[in-house]
file target.txt (compact mmCIF, N, CA and C atoms and all ligand atoms)
# COMPACT_ATOMS: atom_id res chain seq x y z
N MET A 1 34.56 31.92 -18.53
CA MET A 1 35.80 32.65 -18.80
C MET A 1 35.49 34.12 -19.11
N HIS A 2 36.17 35.01 -18.48
CA HIS A 2 35.98 36.43 -18.73
C HIS A 2 37.14 36.95 -19.57
N GLN A 3 36.84 37.99 -20.34
CA GLN A 3 37.91 38.69 -21.04
C GLN A 3 38.12 40.00 -20.32
N ASP A 4 39.35 40.28 -19.98
CA ASP A 4 39.65 41.41 -19.09
C ASP A 4 39.16 42.74 -19.63
N ASP A 5 39.21 42.91 -20.95
CA ASP A 5 38.87 44.22 -21.51
C ASP A 5 37.47 44.24 -22.13
N CYS A 6 36.65 43.28 -21.77
CA CYS A 6 35.31 43.20 -22.38
C CYS A 6 34.31 43.96 -21.51
N ILE A 7 33.67 44.97 -22.10
CA ILE A 7 32.75 45.83 -21.34
C ILE A 7 31.55 45.05 -20.80
N PHE A 8 31.06 44.08 -21.57
CA PHE A 8 29.90 43.34 -21.08
C PHE A 8 30.29 42.31 -20.01
N CYS A 9 31.51 41.78 -20.07
CA CYS A 9 31.99 40.96 -18.94
C CYS A 9 32.09 41.82 -17.68
N LYS A 10 32.54 43.07 -17.83
CA LYS A 10 32.64 43.96 -16.67
C LYS A 10 31.26 44.28 -16.11
N ILE A 11 30.29 44.49 -16.99
CA ILE A 11 28.90 44.71 -16.53
C ILE A 11 28.41 43.46 -15.81
N SER A 12 28.69 42.31 -16.38
CA SER A 12 28.25 41.05 -15.79
C SER A 12 28.85 40.84 -14.39
N LYS A 13 30.08 41.29 -14.20
CA LYS A 13 30.75 41.15 -12.89
C LYS A 13 30.45 42.31 -11.94
N GLY A 14 29.68 43.31 -12.42
CA GLY A 14 29.33 44.46 -11.58
C GLY A 14 30.43 45.50 -11.51
N GLU A 15 31.44 45.40 -12.37
CA GLU A 15 32.54 46.36 -12.35
C GLU A 15 32.20 47.66 -13.07
N ILE A 16 31.19 47.58 -13.96
CA ILE A 16 30.64 48.76 -14.63
C ILE A 16 29.15 48.75 -14.31
N PRO A 17 28.59 49.91 -13.91
CA PRO A 17 27.17 49.92 -13.54
C PRO A 17 26.27 49.73 -14.76
N SER A 18 25.11 49.16 -14.51
CA SER A 18 24.10 49.02 -15.56
C SER A 18 22.73 49.01 -14.88
N THR A 19 21.71 49.25 -15.67
CA THR A 19 20.34 49.15 -15.15
C THR A 19 19.84 47.75 -15.46
N LYS A 20 20.02 46.86 -14.49
CA LYS A 20 19.65 45.46 -14.68
C LYS A 20 18.14 45.30 -14.61
N ILE A 21 17.61 44.48 -15.49
CA ILE A 21 16.18 44.15 -15.40
C ILE A 21 15.96 42.67 -15.12
N TYR A 22 17.04 41.87 -15.23
CA TYR A 22 16.91 40.43 -14.96
C TYR A 22 18.32 39.87 -14.76
N GLU A 23 18.43 38.90 -13.84
CA GLU A 23 19.72 38.23 -13.66
C GLU A 23 19.48 36.84 -13.11
N ASP A 24 20.18 35.86 -13.64
CA ASP A 24 20.26 34.55 -13.00
C ASP A 24 21.69 34.05 -13.14
N GLU A 25 21.92 32.76 -12.89
CA GLU A 25 23.30 32.27 -12.86
C GLU A 25 23.97 32.28 -14.24
N ASP A 26 23.16 32.30 -15.30
CA ASP A 26 23.70 32.18 -16.66
C ASP A 26 23.63 33.47 -17.47
N VAL A 27 22.67 34.32 -17.14
CA VAL A 27 22.23 35.38 -18.05
C VAL A 27 22.01 36.68 -17.28
N LEU A 28 22.24 37.79 -17.99
CA LEU A 28 21.96 39.11 -17.42
C LEU A 28 21.24 39.93 -18.49
N ALA A 29 20.27 40.73 -18.08
CA ALA A 29 19.60 41.66 -19.00
C ALA A 29 19.63 43.04 -18.37
N PHE A 30 19.94 44.04 -19.21
CA PHE A 30 20.05 45.42 -18.72
C PHE A 30 19.66 46.37 -19.83
N ARG A 31 19.29 47.60 -19.46
CA ARG A 31 18.83 48.57 -20.45
C ARG A 31 20.00 49.07 -21.29
N ASP A 32 19.75 49.25 -22.58
CA ASP A 32 20.78 49.80 -23.47
C ASP A 32 21.03 51.26 -23.08
N ILE A 33 22.30 51.63 -23.05
CA ILE A 33 22.67 52.98 -22.60
C ILE A 33 22.27 54.05 -23.62
N HIS A 34 22.13 53.66 -24.88
CA HIS A 34 21.67 54.58 -25.94
C HIS A 34 20.44 53.99 -26.62
N PRO A 35 19.29 54.06 -25.93
CA PRO A 35 18.10 53.36 -26.45
C PRO A 35 17.66 53.90 -27.81
N LYS A 36 17.33 52.99 -28.70
CA LYS A 36 16.86 53.35 -30.04
C LYS A 36 15.35 53.15 -30.17
N ALA A 37 14.70 52.88 -29.08
CA ALA A 37 13.24 52.72 -29.03
C ALA A 37 12.84 52.99 -27.58
N PRO A 38 11.55 53.24 -27.34
CA PRO A 38 11.11 53.50 -25.96
C PRO A 38 11.50 52.37 -25.00
N ILE A 39 11.48 51.15 -25.48
CA ILE A 39 11.98 50.00 -24.71
C ILE A 39 13.15 49.43 -25.49
N HIS A 40 14.30 49.35 -24.86
CA HIS A 40 15.50 48.80 -25.53
C HIS A 40 16.41 48.23 -24.45
N PHE A 41 16.47 46.93 -24.42
CA PHE A 41 17.37 46.29 -23.46
C PHE A 41 18.17 45.19 -24.16
N LEU A 42 19.20 44.73 -23.48
CA LEU A 42 20.11 43.71 -24.00
C LEU A 42 20.08 42.49 -23.09
N ILE A 43 20.15 41.33 -23.69
CA ILE A 43 20.28 40.08 -22.93
C ILE A 43 21.64 39.49 -23.29
N ILE A 44 22.46 39.22 -22.28
CA ILE A 44 23.80 38.66 -22.52
C ILE A 44 24.00 37.39 -21.69
N PRO A 45 24.83 36.48 -22.22
CA PRO A 45 25.27 35.37 -21.37
C PRO A 45 26.35 35.89 -20.41
N LYS A 46 26.40 35.37 -19.19
CA LYS A 46 27.49 35.77 -18.28
C LYS A 46 28.82 35.24 -18.80
N LYS A 47 28.77 34.07 -19.41
CA LYS A 47 29.96 33.49 -20.05
C LYS A 47 30.33 34.33 -21.26
N HIS A 48 31.62 34.60 -21.44
CA HIS A 48 32.04 35.37 -22.60
C HIS A 48 31.97 34.52 -23.86
N ILE A 49 31.03 34.88 -24.74
CA ILE A 49 30.96 34.32 -26.09
C ILE A 49 31.07 35.53 -27.02
N GLN A 50 32.03 35.50 -27.93
CA GLN A 50 32.33 36.71 -28.71
C GLN A 50 31.14 37.16 -29.56
N SER A 51 30.49 36.22 -30.20
CA SER A 51 29.34 36.56 -31.06
C SER A 51 28.52 35.30 -31.28
N LEU A 52 27.38 35.48 -31.95
CA LEU A 52 26.57 34.31 -32.29
C LEU A 52 27.37 33.34 -33.16
N ALA A 53 28.26 33.89 -33.99
CA ALA A 53 29.09 33.05 -34.86
C ALA A 53 30.11 32.23 -34.08
N HIS A 54 30.34 32.60 -32.83
CA HIS A 54 31.31 31.88 -31.99
C HIS A 54 30.63 30.92 -31.02
N ALA A 55 29.30 30.88 -31.03
CA ALA A 55 28.59 29.96 -30.13
C ALA A 55 28.83 28.53 -30.59
N GLU A 56 28.96 27.63 -29.63
CA GLU A 56 29.24 26.22 -29.92
C GLU A 56 27.96 25.41 -29.73
N PRO A 57 27.91 24.19 -30.27
CA PRO A 57 26.73 23.36 -30.06
C PRO A 57 26.35 23.24 -28.58
N GLU A 58 27.32 23.21 -27.69
CA GLU A 58 26.99 23.07 -26.26
C GLU A 58 26.36 24.33 -25.68
N ASP A 59 26.36 25.42 -26.44
CA ASP A 59 25.72 26.66 -25.98
C ASP A 59 24.25 26.73 -26.36
N SER A 60 23.73 25.69 -27.01
CA SER A 60 22.37 25.80 -27.56
C SER A 60 21.32 25.97 -26.47
N ALA A 61 21.49 25.33 -25.33
CA ALA A 61 20.51 25.51 -24.25
C ALA A 61 20.54 26.95 -23.73
N LEU A 62 21.74 27.50 -23.62
CA LEU A 62 21.91 28.90 -23.19
C LEU A 62 21.26 29.84 -24.20
N LEU A 63 21.47 29.60 -25.49
CA LEU A 63 20.87 30.44 -26.53
C LEU A 63 19.35 30.34 -26.47
N GLY A 64 18.85 29.14 -26.26
CA GLY A 64 17.41 28.95 -26.15
C GLY A 64 16.83 29.71 -24.96
N LYS A 65 17.56 29.65 -23.86
CA LYS A 65 17.12 30.37 -22.66
C LYS A 65 17.07 31.88 -22.93
N MET A 66 18.09 32.40 -23.59
CA MET A 66 18.14 33.84 -23.90
C MET A 66 16.99 34.24 -24.81
N LEU A 67 16.73 33.43 -25.83
CA LEU A 67 15.64 33.74 -26.77
C LEU A 67 14.30 33.67 -26.06
N SER A 68 14.16 32.70 -25.21
CA SER A 68 12.92 32.54 -24.46
C SER A 68 12.69 33.73 -23.52
N LEU A 69 13.76 34.25 -22.97
CA LEU A 69 13.66 35.40 -22.06
C LEU A 69 13.21 36.66 -22.77
N THR A 70 13.40 36.75 -24.11
CA THR A 70 13.01 37.98 -24.81
C THR A 70 11.54 38.28 -24.56
N ARG A 71 10.67 37.27 -24.68
CA ARG A 71 9.23 37.54 -24.54
C ARG A 71 8.87 37.85 -23.09
N GLN A 72 9.44 37.11 -22.15
CA GLN A 72 9.16 37.37 -20.74
C GLN A 72 9.56 38.80 -20.35
N LEU A 73 10.77 39.19 -20.76
CA LEU A 73 11.27 40.51 -20.36
C LEU A 73 10.62 41.63 -21.17
N ALA A 74 10.28 41.37 -22.44
CA ALA A 74 9.60 42.38 -23.25
C ALA A 74 8.26 42.72 -22.59
N ILE A 75 7.53 41.72 -22.17
CA ILE A 75 6.25 41.95 -21.50
C ILE A 75 6.48 42.67 -20.18
N GLN A 76 7.47 42.21 -19.42
CA GLN A 76 7.81 42.85 -18.13
C GLN A 76 8.13 44.33 -18.31
N GLU A 77 8.80 44.66 -19.42
CA GLU A 77 9.20 46.05 -19.69
C GLU A 77 8.08 46.87 -20.32
N GLY A 78 6.96 46.22 -20.66
CA GLY A 78 5.80 46.94 -21.16
C GLY A 78 5.60 46.91 -22.66
N ALA A 79 6.33 46.05 -23.36
CA ALA A 79 6.17 45.92 -24.82
C ALA A 79 5.01 44.97 -25.09
N LEU A 80 3.81 45.51 -25.00
CA LEU A 80 2.62 44.66 -25.05
C LEU A 80 2.10 44.46 -26.46
N ASN A 81 2.60 45.26 -27.41
CA ASN A 81 2.12 45.16 -28.80
C ASN A 81 3.21 44.65 -29.73
N GLY A 82 4.10 43.85 -29.20
CA GLY A 82 5.16 43.28 -30.03
C GLY A 82 6.51 43.91 -29.77
N PHE A 83 7.52 43.31 -30.32
CA PHE A 83 8.90 43.76 -30.08
C PHE A 83 9.79 43.21 -31.18
N ARG A 84 10.99 43.79 -31.30
CA ARG A 84 11.97 43.34 -32.29
C ARG A 84 13.13 42.69 -31.55
N VAL A 85 13.68 41.66 -32.15
CA VAL A 85 14.84 40.96 -31.59
C VAL A 85 15.95 41.02 -32.63
N ILE A 86 17.10 41.56 -32.22
CA ILE A 86 18.21 41.76 -33.16
C ILE A 86 19.49 41.20 -32.54
N ILE A 87 20.22 40.43 -33.32
CA ILE A 87 21.54 39.96 -32.88
C ILE A 87 22.55 40.36 -33.95
N ASN A 88 23.20 41.50 -33.76
CA ASN A 88 24.25 41.92 -34.68
C ASN A 88 25.44 40.99 -34.49
N THR A 89 25.96 40.48 -35.62
CA THR A 89 27.00 39.45 -35.53
C THR A 89 28.16 39.77 -36.46
N GLY A 90 29.32 40.03 -35.85
CA GLY A 90 30.54 40.30 -36.62
C GLY A 90 30.55 41.71 -37.20
N SER A 91 31.69 42.10 -37.78
CA SER A 91 31.84 43.48 -38.26
C SER A 91 30.87 43.79 -39.39
N ASP A 92 30.66 42.87 -40.31
CA ASP A 92 29.69 43.13 -41.39
C ASP A 92 28.27 43.06 -40.87
N GLY A 93 28.07 42.49 -39.69
CA GLY A 93 26.74 42.43 -39.07
C GLY A 93 26.47 43.61 -38.15
N GLY A 94 27.41 44.57 -38.11
CA GLY A 94 27.20 45.77 -37.31
C GLY A 94 27.44 45.59 -35.82
N GLN A 95 28.15 44.51 -35.45
CA GLN A 95 28.41 44.27 -34.03
C GLN A 95 29.55 45.16 -33.54
N GLU A 96 29.27 45.95 -32.49
CA GLU A 96 30.29 46.86 -31.95
C GLU A 96 30.88 46.34 -30.65
N VAL A 97 30.08 45.65 -29.85
CA VAL A 97 30.60 45.07 -28.61
C VAL A 97 30.77 43.57 -28.83
N ASP A 98 32.01 43.10 -28.67
CA ASP A 98 32.33 41.70 -29.00
C ASP A 98 32.04 40.75 -27.84
N HIS A 99 30.80 40.79 -27.38
CA HIS A 99 30.28 39.83 -26.39
C HIS A 99 28.82 39.64 -26.81
N LEU A 100 28.49 38.42 -27.15
CA LEU A 100 27.15 38.11 -27.66
C LEU A 100 26.06 38.82 -26.87
N HIS A 101 25.13 39.47 -27.59
CA HIS A 101 24.01 40.13 -26.93
C HIS A 101 22.81 40.14 -27.85
N ILE A 102 21.65 39.99 -27.26
CA ILE A 102 20.39 40.09 -27.98
C ILE A 102 19.79 41.45 -27.66
N HIS A 103 19.53 42.25 -28.71
CA HIS A 103 18.78 43.50 -28.53
C HIS A 103 17.29 43.17 -28.55
N VAL A 104 16.56 43.76 -27.62
CA VAL A 104 15.09 43.69 -27.65
C VAL A 104 14.57 45.13 -27.64
N LEU A 105 13.81 45.48 -28.68
CA LEU A 105 13.28 46.83 -28.82
C LEU A 105 11.75 46.77 -28.90
N GLY A 106 11.13 47.73 -28.22
CA GLY A 106 9.67 47.77 -28.24
C GLY A 106 9.15 49.17 -27.99
N GLY A 107 7.83 49.26 -27.96
CA GLY A 107 7.19 50.55 -27.81
C GLY A 107 6.76 51.08 -29.15
N PRO A 108 5.97 52.17 -29.16
CA PRO A 108 5.49 52.71 -30.42
C PRO A 108 6.64 53.10 -31.34
N GLN A 109 6.52 52.72 -32.61
CA GLN A 109 7.60 52.95 -33.57
C GLN A 109 7.05 53.59 -34.83
N PRO A 110 7.84 54.43 -35.51
CA PRO A 110 7.38 55.06 -36.75
C PRO A 110 6.92 54.03 -37.79
N TRP A 111 7.63 52.88 -37.85
CA TRP A 111 7.28 51.91 -38.89
C TRP A 111 5.95 51.20 -38.60
N ASN A 112 5.38 51.44 -37.42
CA ASN A 112 4.09 50.86 -37.10
C ASN A 112 2.93 51.80 -37.46
N LYS A 113 3.28 53.02 -37.90
CA LYS A 113 2.20 53.98 -38.15
C LYS A 113 1.67 53.85 -39.57
P1 LIG B 201 26.03 46.24 -31.11
O1 LIG B 201 26.20 47.29 -32.18
O2 LIG B 201 25.00 45.21 -31.47
O3 LIG B 201 27.34 45.63 -30.69
O4 LIG B 201 25.39 46.99 -29.88
C1 LIG B 201 26.06 47.33 -28.73
C2 LIG B 201 25.06 48.04 -27.86
O5 LIG B 201 25.59 48.14 -26.57
C3 LIG B 201 24.72 49.46 -28.33
O6 LIG B 201 23.32 49.58 -28.55
C4 LIG B 201 25.18 50.33 -27.16
O7 LIG B 201 24.33 51.43 -26.93
C5 LIG B 201 25.16 49.34 -26.00
N1 LIG B 201 26.07 49.66 -24.91
C6 LIG B 201 27.38 49.95 -24.99
N2 LIG B 201 27.90 50.17 -23.77
C7 LIG B 201 26.87 50.00 -22.88
C8 LIG B 201 26.77 50.11 -21.47
N3 LIG B 201 27.82 50.42 -20.69
N4 LIG B 201 25.56 49.90 -20.91
C9 LIG B 201 24.49 49.59 -21.66
N5 LIG B 201 24.53 49.47 -23.01
C10 LIG B 201 25.70 49.69 -23.61
ZN ZN B 202 32.72 39.44 -22.48

call {"tool": "encode", "arguments": {"input": "target.txt", "output": "structure tokens"}}
result
Amino acid sequence: MHQDDCIFCKISKGEIPSTKIYEDEDVLAFRDIHPKAPIHFLIIPKKHIQSLAHAEPEDSALLGKMLSLTRQLAIQEGALNGFRVIINTGSDGGQEVDHLHIHVLGGPQPWNK
């Protein structure tokens, strides 16, 4: 199910351009438009799920697939010395786009110095 005004559903349908780094029937990964690290991409389900708090038990395989993809894509993108995984959830969780997404950030960081 898509939500007509959801920016990530539009990206998933190709109605808004993105720099895709991975796609299959369930999942899409693309670079964050305002990267906060040298490597910063997002992994989203193609299915509209508002947030992690809205995921249902039947979504657990999809969530597992997305989490598993973090390491594959982090390595593919060149994050060879580790990476951060962030899922902002709800307004108090700092979520701005209401379509579940996993942030993956990597590359040299000040907190590693
Ligand atoms: P969040 O605060 O967790 O909801 O993060 C939303 C993220 O989506 C932010 O890091 C934005 O930079 C990113 N974002 C918003 N619009 C786009 C877009 N059109 N393409 C790629 N990333 C986007
Ligand atoms: Zn959506």

call {"tool": "closest_atom_pairs", "arguments": {"input": "target.txt", "of": "chain A", "to": "ligand ZN 202 (chain B)", "cutoff": "8 Å", "atoms": "only C-alpha atoms and all ligand atoms", "output": "CSV"}}
result
residue,atom,partner,partner_atom,distance
A:His2,CA,B:ZN202,ZN,5.8
A:Gln3,CA,B:ZN202,ZN,5.4
A:Asp4,CA,B:ZN202,ZN,8.0
A:Asp5,CA,B:ZN202,ZN,7.8
A:Cys6,CA,B:ZN202,ZN,4.6
A:Ile7,CA,B:ZN202,ZN,6.5
A:Phe8,CA,B:ZN202,ZN,5.0
A:Cys9,CA,B:ZN202,ZN,3.9
A:Lys10,CA,B:ZN202,ZN,7.4
A:Lys46,CA,B:ZN202,ZN,7.6
A:Lys47,CA,B:ZN202,ZN,7.0
A:His48,CA,B:ZN202,ZN,4.1
A:Ile49,CA,B:ZN202,ZN,6.5
A:Gln50,CA,B:ZN202,ZN,6.8
A:Asp98,CA,B:ZN202,ZN,6.9
A:His99,CA,B:ZN202,ZN,4.6
A:Leu100,CA,B:ZN202,ZN,7.7

call {"tool": "write_last_selection", "arguments": {"input": "target.txt", "atoms": "N, CA and C atoms", "output": "short mmCIF file (atom, residue, chain, number, x, y, z; two decimals), in the frame of the given file"}}
result
data_model
loop_
_atom_site.label_atom_id
_atom_site.label_comp_id
_atom_site.auth_asym_id
_atom_site.auth_seq_id
_atom_site.Cartn_x
_atom_site.Cartn_y
_atom_site.Cartn_z
N HIS A 2 36.17 35.01 -18.48
CA HIS A 2 35.98 36.43 -18.73
C HIS A 2 37.14 36.95 -19.57
N GLN A 3 36.84 37.99 -20.34
CA GLN A 3 37.91 38.69 -21.04
C GLN A 3 38.12 40.00 -20.32
N ASP A 4 39.35 40.28 -19.98
CA ASP A 4 39.65 41.41 -19.09
C ASP A 4 39.16 42.74 -19.63
N ASP A 5 39.21 42.91 -20.95
CA ASP A 5 38.87 44.22 -21.51
C ASP A 5 37.47 44.24 -22.13
N CYS A 6 36.65 43.28 -21.77
CA CYS A 6 35.31 43.20 -22.38
C CYS A 6 34.31 43.96 -21.51
N ILE A 7 33.67 44.97 -22.10
CA ILE A 7 32.75 45.83 -21.34
C ILE A 7 31.55 45.05 -20.80
N PHE A 8 31.06 44.08 -21.57
CA PHE A 8 29.90 43.34 -21.08
C PHE A 8 30.29 42.31 -20.01
N CYS A 9 31.51 41.78 -20.07
CA CYS A 9 31.99 40.96 -18.94
C CYS A 9 32.09 41.82 -17.68
N LYS A 10 32.54 43.07 -17.83
CA LYS A 10 32.64 43.96 -16.67
C LYS A 10 31.26 44.28 -16.11
N LYS A 46 26.40 35.37 -19.19
CA LYS A 46 27.49 35.77 -18.28
C LYS A 46 28.82 35.24 -18.80
N LYS A 47 28.77 34.07 -19.41
CA LYS A 47 29.96 33.49 -20.05
C LYS A 47 30.33 34.33 -21.26
N HIS A 48 31.62 34.60 -21.44
CA HIS A 48 32.04 35.37 -22.60
C HIS A 48 31.97 34.52 -23.86
N ILE A 49 31.03 34.88 -24.74
CA ILE A 49 30.96 34.32 -26.09
C ILE A 49 31.07 35.53 -27.02
N GLN A 50 32.03 35.50 -27.93
CA GLN A 50 32.33 36.71 -28.71
C GLN A 50 31.14 37.16 -29.56
N ASP A 98 32.01 43.10 -28.67
CA ASP A 98 32.33 41.70 -29.00
C ASP A 98 32.04 40.75 -27.84
N HIS A 99 30.80 40.79 -27.38
CA HIS A 99 30.28 39.83 -26.39
C HIS A 99 28.82 39.64 -26.81
N LEU A 100 28.49 38.42 -27.15
CA LEU A 100 27.15 38.11 -27.66
C LEU A 100 26.06 38.82 -26.87
#

call {"tool": "residues_near_ligand", "arguments": {"input": "target.txt", "ligand": "ligand LIG 201 (chain B)", "cutoff": "12 Å", "atoms": "only C-alpha atoms and all ligand atoms", "output": "NGL selection string"}}
result
:A and (6-12 or 14-21 or 28-37 or 39-44 or 50-52 or 85-105)

call {"tool": "select_by_dssp", "arguments": {"input": "target.txt", "residues": "chain A", "states": "strand (DSSP E)", "output": "ChimeraX atom specification"}}
result
/A:20-23,27-31,39-45,83-86,102-106

call {"tool": "atom_distance", "arguments": {"input": "target.txt", "atom1": "CA of Ala74 in chain A", "atom2": "CA of Ala61 in chain A"}}
result
20.1 Å

call {"tool": "select_by_dssp", "arguments": {"input": "target.txt", "residues": "chain A", "states": "alpha helix (DSSP H)", "output": "NGL selection string"}}
result
:A and (7-12 or 60-76)

call {"tool": "closest_residue", "arguments": {"input": "target.txt", "among": "A:Pro38, A:Tyr22, A:His54, A:Pro45", "to": "Gln72 in chain A", "atoms": "only C-alpha atoms"}}
result
A:Tyr22

call {"tool": "closest_residue", "arguments": {"input": "target.txt", "among": "A:Leu73, A:Gly82, A:Glu58, A:Met66", "to": "Val27 in chain A", "atoms": "all atoms listed in the file"}}
result
A:Met66

call {"tool": "atom_distance", "arguments": {"input": "target.txt", "atom1": "CA of Ala55 in chain A", "atom2": "atom N of Lys13 in chain A"}}
result
19.6 Å

call {"tool": "atom_distance", "arguments": {"input": "target.txt", "atom1": "CA of Leu63 in chain A", "atom2": "CA of Leu80 in chain A"}}
result
23.2 Å

call {"tool": "axis_aligned_box", "arguments": {"input": "target.txt", "around": "range 9-21 of chain A", "padding_each_side": "4 Å", "output": "lines of an AutoDock Vina configuration file"}}
result
center_x = 24.3
center_y = 45.4
center_z = -15.8
size_x = 24.7
size_y = 17.1
size_z = 16.6
